[in-house]
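*Asks:* The structure that follows is given in the form of structure tokens.
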Amino acid sequence: MIVPAKQDQCGTDTLVCAGYSRILLAAALLGLASSAFAVDTVRIAPIINPPVGTAVHGAAELQISGTSIVRAVDGKELSNKRISQMDREEYTDTTLTRDAAGVHSRRVYGRVLHGDENASEFGAMNGRTLQFVVKGKNIDVTSGDGKPLDDDERMGLVELAQRSLRVEATNLCIANYPLVVGASWTVPASQLADCYDSLGHGVKTIPARATLRTIEQRAGHPVAIIELSFVRSVDRIGALVFDTPADAAVTSTIEVTLDIPARWSRVTVTTLTGITHPKGPDAPSLTTEVRAREMLTSEP
């Protein structure tokens, strides 16, 4: 029998054989270490305000549902009413110029609806065209369709543009450094105030915890999926003033197409239960249970 030289050497010289085994083990460990550190990182930067010449189609929808329950002092249920509300708007944003004179952009609204489970009606901005000029901290909004804007509309649109710039600066509350799948980060309350609307009047917000859960391939494009959650205390919703602030639990899922950063979506669900005594502590109580689902989409 012809024995391979290496096997014969190990059979006659245990020191050489042991040394060779250690080399193989070291090489294997080195390979494992290399694979452990060979983790891809991604920078997630969704586009909020489009670059010059790019049109971004956006949509925002808010659905609120729940119940309003009146109970007597002894706890007996006196009435139970359903809560339902819907708001939806569609629009196209286009950045026209960006130079020393400022940023000139146009927003064209499609359908803008407000309603409930029974009926809906068009909102004030339905079908409107607006022109925005942003220069430093100054924002000017004018009508682009010949129909004038009243002072309240103009003020609301200026606040909308200001908020959009702040959300862009905070990267939609996504960490602005490279991330690996599984990485988590904290979002301070000051950023959450711009990124997420409050269901009612918020008096305290606990910083959010966000995590890059996965990166999926969809139609040939990598899509980052982020989950974020936090709690915001709300002391009132409209005319309803709660006996004690209600904890509104907020969960949000953000999806960003990494190689098409203007394509992203966000679905946010807020739930809360608050109790109030509109006619005093010795009168019947009103328990309001609310679930709000907000969906934002952006598509170039």
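Naming scheme: A, B, ... for chains in displayed order of the structure tokens; residues 1 onward per chain; ligands 1 onward as shown.
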So that I can see what lies close to stretch 203-210 of chain A, please list as a PDB file with N, CA, C and O atoms, in the first residue's frame the residues with an atom at most 12 Å from it, counting only C-alpha atoms and leaving out residues fewer than 5 positions away in the same chain.
*Replies:*
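Result file follows (result.pdb):
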```pdb
ATOM      1  N   LEU A 172     -36.149  61.287   9.261  1.00  0.00           N
ATOM      2  CA  LEU A 172     -37.378  60.529   9.524  1.00  0.00           C
ATOM      3  C   LEU A 172     -37.244  59.688  10.805  1.00  0.00           C
ATOM      4  O   LEU A 172     -37.810  58.603  10.926  1.00  0.00           O
ATOM      5  N   CYS A 173     -36.471  60.194  11.758  1.00  0.00           N
ATOM      6  CA  CYS A 173     -36.215  59.515  13.036  1.00  0.00           C
ATOM      7  C   CYS A 173     -35.452  58.197  12.857  1.00  0.00           C
ATOM      8  O   CYS A 173     -35.527  57.302  13.706  1.00  0.00           O
ATOM      9  N   ILE A 174     -34.715  58.075  11.751  1.00  0.00           N
ATOM     10  CA  ILE A 174     -33.853  56.917  11.511  1.00  0.00           C
ATOM     11  C   ILE A 174     -32.412  57.339  11.782  1.00  0.00           C
ATOM     12  O   ILE A 174     -31.991  58.435  11.392  1.00  0.00           O
ATOM     13  N   ALA A 175     -31.649  56.498  12.458  1.00  0.00           N
ATOM     14  CA  ALA A 175     -30.249  56.817  12.756  1.00  0.00           C
ATOM     15  C   ALA A 175     -29.515  57.190  11.471  1.00  0.00           C
ATOM     16  O   ALA A 175     -29.658  56.525  10.446  1.00  0.00           O
ATOM     17  N   LEU A 179     -25.704  51.181   9.670  1.00  0.00           N
ATOM     18  CA  LEU A 179     -26.350  50.224  10.554  1.00  0.00           C
ATOM     19  C   LEU A 179     -26.201  48.815  10.014  1.00  0.00           C
ATOM     20  O   LEU A 179     -26.070  48.606   8.807  1.00  0.00           O
ATOM     21  N   VAL A 181     -28.111  44.859  10.355  1.00  0.00           N
ATOM     22  CA  VAL A 181     -29.387  44.261  10.738  1.00  0.00           C
ATOM     23  C   VAL A 181     -29.327  43.862  12.213  1.00  0.00           C
ATOM     24  O   VAL A 181     -28.368  43.244  12.667  1.00  0.00           O
ATOM     25  N   GLY A 182     -30.328  44.257  12.964  1.00  0.00           N
ATOM     26  CA  GLY A 182     -30.371  43.992  14.397  1.00  0.00           C
ATOM     27  C   GLY A 182     -29.946  45.177  15.239  1.00  0.00           C
ATOM     28  O   GLY A 182     -30.168  45.178  16.457  1.00  0.00           O
ATOM     29  N   ALA A 183     -29.357  46.189  14.606  1.00  0.00           N
ATOM     30  CA  ALA A 183     -28.908  47.362  15.355  1.00  0.00           C
ATOM     31  C   ALA A 183     -30.097  48.163  15.873  1.00  0.00           C
ATOM     32  O   ALA A 183     -31.122  48.299  15.194  1.00  0.00           O
ATOM     33  N   SER A 184     -29.960  48.710  17.089  1.00  0.00           N
ATOM     34  CA  SER A 184     -31.010  49.527  17.691  1.00  0.00           C
ATOM     35  C   SER A 184     -30.452  50.897  18.062  1.00  0.00           C
ATOM     36  O   SER A 184     -29.250  51.060  18.259  1.00  0.00           O
ATOM     37  N   TRP A 185     -31.334  51.869  18.170  1.00  0.00           N
ATOM     38  CA  TRP A 185     -30.927  53.209  18.568  1.00  0.00           C
ATOM     39  C   TRP A 185     -32.091  53.890  19.275  1.00  0.00           C
ATOM     40  O   TRP A 185     -33.234  53.471  19.166  1.00  0.00           O
ATOM     41  N   THR A 186     -31.776  54.943  20.002  1.00  0.00           N
ATOM     42  CA  THR A 186     -32.778  55.699  20.745  1.00  0.00           C
ATOM     43  C   THR A 186     -33.124  56.971  19.985  1.00  0.00           C
ATOM     44  O   THR A 186     -32.244  57.649  19.464  1.00  0.00           O
ATOM     45  N   VAL A 187     -34.421  57.275  19.925  1.00  0.00           N
ATOM     46  CA  VAL A 187     -34.890  58.498  19.279  1.00  0.00           C
ATOM     47  C   VAL A 187     -35.395  59.433  20.369  1.00  0.00           C
ATOM     48  O   VAL A 187     -36.348  59.098  21.077  1.00  0.00           O
ATOM     49  N   PRO A 188     -34.776  60.601  20.553  1.00  0.00           N
ATOM     50  CA  PRO A 188     -35.197  61.508  21.626  1.00  0.00           C
ATOM     51  C   PRO A 188     -36.599  62.062  21.393  1.00  0.00           C
ATOM     52  O   PRO A 188     -37.092  62.121  20.264  1.00  0.00           O
ATOM     53  N   ALA A 189     -37.216  62.487  22.477  1.00  0.00           N
ATOM     54  CA  ALA A 189     -38.592  62.984  22.410  1.00  0.00           C
ATOM     55  C   ALA A 189     -38.711  64.193  21.490  1.00  0.00           C
ATOM     56  O   ALA A 189     -39.736  64.375  20.823  1.00  0.00           O
ATOM     57  N   SER A 190     -37.678  65.036  21.431  1.00  0.00           N
ATOM     58  CA  SER A 190     -37.733  66.229  20.589  1.00  0.00           C
ATOM     59  C   SER A 190     -37.867  65.869  19.118  1.00  0.00           C
ATOM     60  O   SER A 190     -38.554  66.569  18.360  1.00  0.00           O
ATOM     61  N   GLN A 191     -37.246  64.787  18.671  1.00  0.00           N
ATOM     62  CA  GLN A 191     -37.381  64.352  17.285  1.00  0.00           C
ATOM     63  C   GLN A 191     -38.741  63.693  17.046  1.00  0.00           C
ATOM     64  O   GLN A 191     -39.366  63.892  16.001  1.00  0.00           O
ATOM     65  N   LEU A 192     -39.205  62.926  18.018  1.00  0.00           N
ATOM     66  CA  LEU A 192     -40.499  62.265  17.868  1.00  0.00           C
ATOM     67  C   LEU A 192     -41.627  63.278  17.692  1.00  0.00           C
ATOM     68  O   LEU A 192     -42.604  63.008  16.986  1.00  0.00           O
ATOM     69  N   ALA A 193     -41.490  64.452  18.295  1.00  0.00           N
ATOM     70  CA  ALA A 193     -42.523  65.475  18.183  1.00  0.00           C
ATOM     71  C   ALA A 193     -42.721  65.908  16.742  1.00  0.00           C
ATOM     72  O   ALA A 193     -43.837  66.268  16.337  1.00  0.00           O
ATOM     73  N   CYS A 195     -41.584  63.902  13.964  1.00  0.00           N
ATOM     74  CA  CYS A 195     -41.811  62.733  13.114  1.00  0.00           C
ATOM     75  C   CYS A 195     -43.219  62.168  13.257  1.00  0.00           C
ATOM     76  O   CYS A 195     -43.762  61.613  12.300  1.00  0.00           O
ATOM     77  N   TYR A 196     -43.816  62.310  14.452  1.00  0.00           N
ATOM     78  CA  TYR A 196     -45.097  61.647  14.711  1.00  0.00           C
ATOM     79  C   TYR A 196     -46.112  62.621  15.302  1.00  0.00           C
ATOM     80  O   TYR A 196     -45.838  63.289  16.303  1.00  0.00           O
ATOM     81  N   ASP A 197     -47.292  62.669  14.670  1.00  0.00           N
ATOM     82  CA  ASP A 197     -48.379  63.479  15.203  1.00  0.00           C
ATOM     83  C   ASP A 197     -48.850  62.888  16.529  1.00  0.00           C
ATOM     84  O   ASP A 197     -48.795  61.673  16.738  1.00  0.00           O
ATOM     85  N   SER A 198     -49.332  63.759  17.389  1.00  0.00           N
ATOM     86  CA  SER A 198     -49.860  63.311  18.669  1.00  0.00           C
ATOM     87  C   SER A 198     -51.368  63.146  18.571  1.00  0.00           C
ATOM     88  O   SER A 198     -52.063  64.007  18.027  1.00  0.00           O
ATOM     89  N   ILE A 225     -36.318  47.359   6.712  1.00  0.00           N
ATOM     90  CA  ILE A 225     -37.532  47.387   7.525  1.00  0.00           C
ATOM     91  C   ILE A 225     -37.156  47.730   8.960  1.00  0.00           C
ATOM     92  O   ILE A 225     -36.357  47.031   9.594  1.00  0.00           O
ATOM     93  N   ILE A 226     -37.732  48.801   9.447  1.00  0.00           N
ATOM     94  CA  ILE A 226     -37.410  49.329  10.772  1.00  0.00           C
ATOM     95  C   ILE A 226     -38.659  49.306  11.636  1.00  0.00           C
ATOM     96  O   ILE A 226     -39.753  49.639  11.166  1.00  0.00           O
ATOM     97  N   GLU A 227     -38.500  48.923  12.888  1.00  0.00           N
ATOM     98  CA  GLU A 227     -39.601  48.971  13.844  1.00  0.00           C
ATOM     99  C   GLU A 227     -39.246  49.951  14.954  1.00  0.00           C
ATOM    100  O   GLU A 227     -38.108  49.958  15.441  1.00  0.00           O
ATOM    101  N   LEU A 228     -40.224  50.754  15.333  1.00  0.00           N
ATOM    102  CA  LEU A 228     -40.004  51.803  16.338  1.00  0.00           C
ATOM    103  C   LEU A 228     -41.213  51.839  17.262  1.00  0.00           C
ATOM    104  O   LEU A 228     -42.349  51.667  16.807  1.00  0.00           O
ATOM    105  N   SER A 229     -40.977  52.069  18.535  1.00  0.00           N
ATOM    106  CA  SER A 229     -42.096  52.151  19.480  1.00  0.00           C
ATOM    107  C   SER A 229     -41.753  53.116  20.614  1.00  0.00           C
ATOM    108  O   SER A 229     -40.589  53.279  20.987  1.00  0.00           O
ATOM    109  N   PHE A 230     -42.805  53.753  21.128  1.00  0.00           N
ATOM    110  CA  PHE A 230     -42.635  54.649  22.276  1.00  0.00           C
ATOM    111  C   PHE A 230     -43.994  54.886  22.922  1.00  0.00           C
ATOM    112  O   PHE A 230     -45.035  54.447  22.404  1.00  0.00           O
ATOM    113  N   VAL A 231     -43.990  55.582  24.040  1.00  0.00           N
ATOM    114  CA  VAL A 231     -45.225  55.894  24.770  1.00  0.00           C
ATOM    115  C   VAL A 231     -45.298  57.400  24.976  1.00  0.00           C
ATOM    116  O   VAL A 231     -44.309  58.039  25.352  1.00  0.00           O
ATOM    117  N   ARG A 232     -46.479  57.934  24.712  1.00  0.00           N
ATOM    118  CA  ARG A 232     -46.710  59.367  24.892  1.00  0.00           C
ATOM    119  C   ARG A 232     -47.918  59.545  25.810  1.00  0.00           C
ATOM    120  O   ARG A 232     -48.967  58.942  25.574  1.00  0.00           O
ATOM    121  N   SER A 233     -47.800  60.354  26.856  1.00  0.00           N
ATOM    122  CA  SER A 233     -48.919  60.617  27.763  1.00  0.00           C
ATOM    123  C   SER A 233     -49.760  61.761  27.208  1.00  0.00           C
ATOM    124  O   SER A 233     -49.230  62.807  26.821  1.00  0.00           O
ATOM    125  N   VAL A 234     -51.075  61.544  27.162  1.00  0.00           N
ATOM    126  CA  VAL A 234     -52.013  62.508  26.591  1.00  0.00           C
ATOM    127  C   VAL A 234     -53.012  62.916  27.667  1.00  0.00           C
ATOM    128  O   VAL A 234     -53.633  62.051  28.298  1.00  0.00           O
ATOM    129  N   ASP A 235     -53.158  64.229  27.881  1.00  0.00           N
ATOM    130  CA  ASP A 235     -54.094  64.660  28.936  1.00  0.00           C
ATOM    131  C   ASP A 235     -55.459  65.041  28.400  1.00  0.00           C
ATOM    132  O   ASP A 235     -56.425  65.144  29.161  1.00  0.00           O
ATOM    133  N   ARG A 236     -55.569  65.215  27.077  1.00  0.00           N
ATOM    134  CA  ARG A 236     -56.881  65.539  26.515  1.00  0.00           C
ATOM    135  C   ARG A 236     -56.906  65.299  25.012  1.00  0.00           C
ATOM    136  O   ARG A 236     -55.878  65.331  24.336  1.00  0.00           O
ATOM    137  N   ILE A 237     -58.099  65.027  24.517  1.00  0.00           N
ATOM    138  CA  ILE A 237     -58.354  64.946  23.085  1.00  0.00           C
ATOM    139  C   ILE A 237     -59.513  65.890  22.799  1.00  0.00           C
ATOM    140  O   ILE A 237     -60.650  65.628  23.202  1.00  0.00           O
ATOM    141  N   THR A 244     -56.817  61.516  34.535  1.00  0.00           N
ATOM    142  CA  THR A 244     -55.354  61.421  34.623  1.00  0.00           C
ATOM    143  C   THR A 244     -54.842  61.188  33.204  1.00  0.00           C
ATOM    144  O   THR A 244     -55.542  60.595  32.381  1.00  0.00           O
ATOM    145  N   PRO A 245     -53.644  61.642  32.880  1.00  0.00           N
ATOM    146  CA  PRO A 245     -53.131  61.452  31.518  1.00  0.00           C
ATOM    147  C   PRO A 245     -53.163  59.982  31.098  1.00  0.00           C
ATOM    148  O   PRO A 245     -52.851  59.086  31.878  1.00  0.00           O
ATOM    149  N   ALA A 246     -53.586  59.761  29.863  1.00  0.00           N
ATOM    150  CA  ALA A 246     -53.654  58.406  29.312  1.00  0.00           C
ATOM    151  C   ALA A 246     -52.376  58.101  28.546  1.00  0.00           C
ATOM    152  O   ALA A 246     -51.846  58.961  27.835  1.00  0.00           O
ATOM    153  N   ASP A 247     -51.887  56.883  28.705  1.00  0.00           N
ATOM    154  CA  ASP A 247     -50.690  56.461  27.976  1.00  0.00           C
ATOM    155  C   ASP A 247     -51.070  56.010  26.571  1.00  0.00           C
ATOM    156  O   ASP A 247     -51.815  55.032  26.403  1.00  0.00           O
ATOM    157  N   ALA A 248     -50.568  56.720  25.584  1.00  0.00           N
ATOM    158  CA  ALA A 248     -50.796  56.353  24.190  1.00  0.00           C
ATOM    159  C   ALA A 248     -49.598  55.538  23.713  1.00  0.00           C
ATOM    160  O   ALA A 248     -48.476  56.034  23.663  1.00  0.00           O
ATOM    161  N   ALA A 249     -49.848  54.266  23.401  1.00  0.00           N
ATOM    162  CA  ALA A 249     -48.781  53.379  22.923  1.00  0.00           C
ATOM    163  C   ALA A 249     -48.658  53.537  21.412  1.00  0.00           C
ATOM    164  O   ALA A 249     -49.641  53.397  20.681  1.00  0.00           O
ATOM    165  N   VAL A 250     -47.451  53.826  20.948  1.00  0.00           N
ATOM    166  CA  VAL A 250     -47.211  54.082  19.527  1.00  0.00           C
ATOM    167  C   VAL A 250     -46.244  53.035  18.982  1.00  0.00           C
ATOM    168  O   VAL A 250     -45.164  52.834  19.544  1.00  0.00           O
ATOM    169  N   THR A 251     -46.634  52.362  17.914  1.00  0.00           N
ATOM    170  CA  THR A 251     -45.740  51.434  17.219  1.00  0.00           C
ATOM    171  C   THR A 251     -45.700  51.832  15.742  1.00  0.00           C
ATOM    172  O   THR A 251     -46.727  52.195  15.165  1.00  0.00           O
ATOM    173  N   SER A 252     -44.531  51.767  15.159  1.00  0.00           N
ATOM    174  CA  SER A 252     -44.371  52.230  13.789  1.00  0.00           C
ATOM    175  C   SER A 252     -43.453  51.290  13.017  1.00  0.00           C
ATOM    176  O   SER A 252     -42.444  50.813  13.546  1.00  0.00           O
ATOM    177  N   THR A 253     -43.810  51.021  11.763  1.00  0.00           N
ATOM    178  CA  THR A 253     -42.972  50.237  10.861  1.00  0.00           C
ATOM    179  C   THR A 253     -42.617  51.108   9.659  1.00  0.00           C
ATOM    180  O   THR A 253     -43.497  51.627   8.974  1.00  0.00           O
ATOM    181  N   ILE A 254     -41.323  51.272   9.438  1.00  0.00           N
ATOM    182  CA  ILE A 254     -40.821  52.098   8.337  1.00  0.00           C
ATOM    183  C   ILE A 254     -40.114  51.191   7.341  1.00  0.00           C
ATOM    184  O   ILE A 254     -39.295  50.354   7.735  1.00  0.00           O
TER     185      ILE A 254
END
```
*Asks:* Using only C-alpha atoms, which residues sit within 8 Å of stretch 134-136 of chain A once same-chain residues fewer than 6 positions away are excluded, as a PyMOL selection string?
*Replies:* chain A and resi 101-104
*Asks:* Write out as a ChimeraX atom specification all residues of stretch 122-294 of chain A that backbone DSSP assigns to strand (DSSP E).
*Replies:* /A:122,129-135,138-143,184-187,201-218,221-237,240-257,264-276,285-294
*Asks:* Kindly indicate which residue among A:Ile83, A:Ile260, A:Leu96, A:Ala72 lies nearest to A:Gly53, using only C-alpha atoms for the distances.
*Replies:* A:Leu96
*Asks:* Could you check which of A:His221, A:Arg293, A:His114, A:Arg98 is closest to A:Met86, using only C-alpha atoms?
*Replies:*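 Using only C-alpha atoms, the shortest distance to A:Met86 belongs to A:His114.
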*Asks:* Using only C-alpha atoms, which residues sit within 6 Å of A:Ser68 once same-chain residues fewer than 6 positions away are excluded, as an mmCIF file with N, CA and C atoms, in the first residue's frame?
*Replies:*
```cif
data_model
loop_
_atom_site.group_PDB
_atom_site.id
_atom_site.type_symbol
_atom_site.label_atom_id
_atom_site.label_comp_id
_atom_site.auth_asym_id
_atom_site.auth_seq_id
_atom_site.Cartn_x
_atom_site.Cartn_y
_atom_site.Cartn_z
ATOM 1 N N ASN A 80 -73.052 53.137 24.591
ATOM 2 C CA ASN A 80 -71.836 52.673 23.933
ATOM 3 C C ASN A 80 -71.904 53.120 22.470
ATOM 4 N N LYS A 81 -71.069 54.083 22.119
ATOM 5 C CA LYS A 81 -71.083 54.626 20.766
ATOM 6 C C LYS A 81 -69.767 54.334 20.054
ATOM 7 N N THR A 287 -65.585 56.698 29.146
ATOM 8 C CA THR A 287 -64.359 55.985 28.780
ATOM 9 C C THR A 287 -64.210 56.022 27.266
ATOM 10 N N THR A 288 -63.091 56.552 26.811
ATOM 11 C CA THR A 288 -62.829 56.664 25.372
ATOM 12 C C THR A 288 -61.677 55.741 25.006
#
```
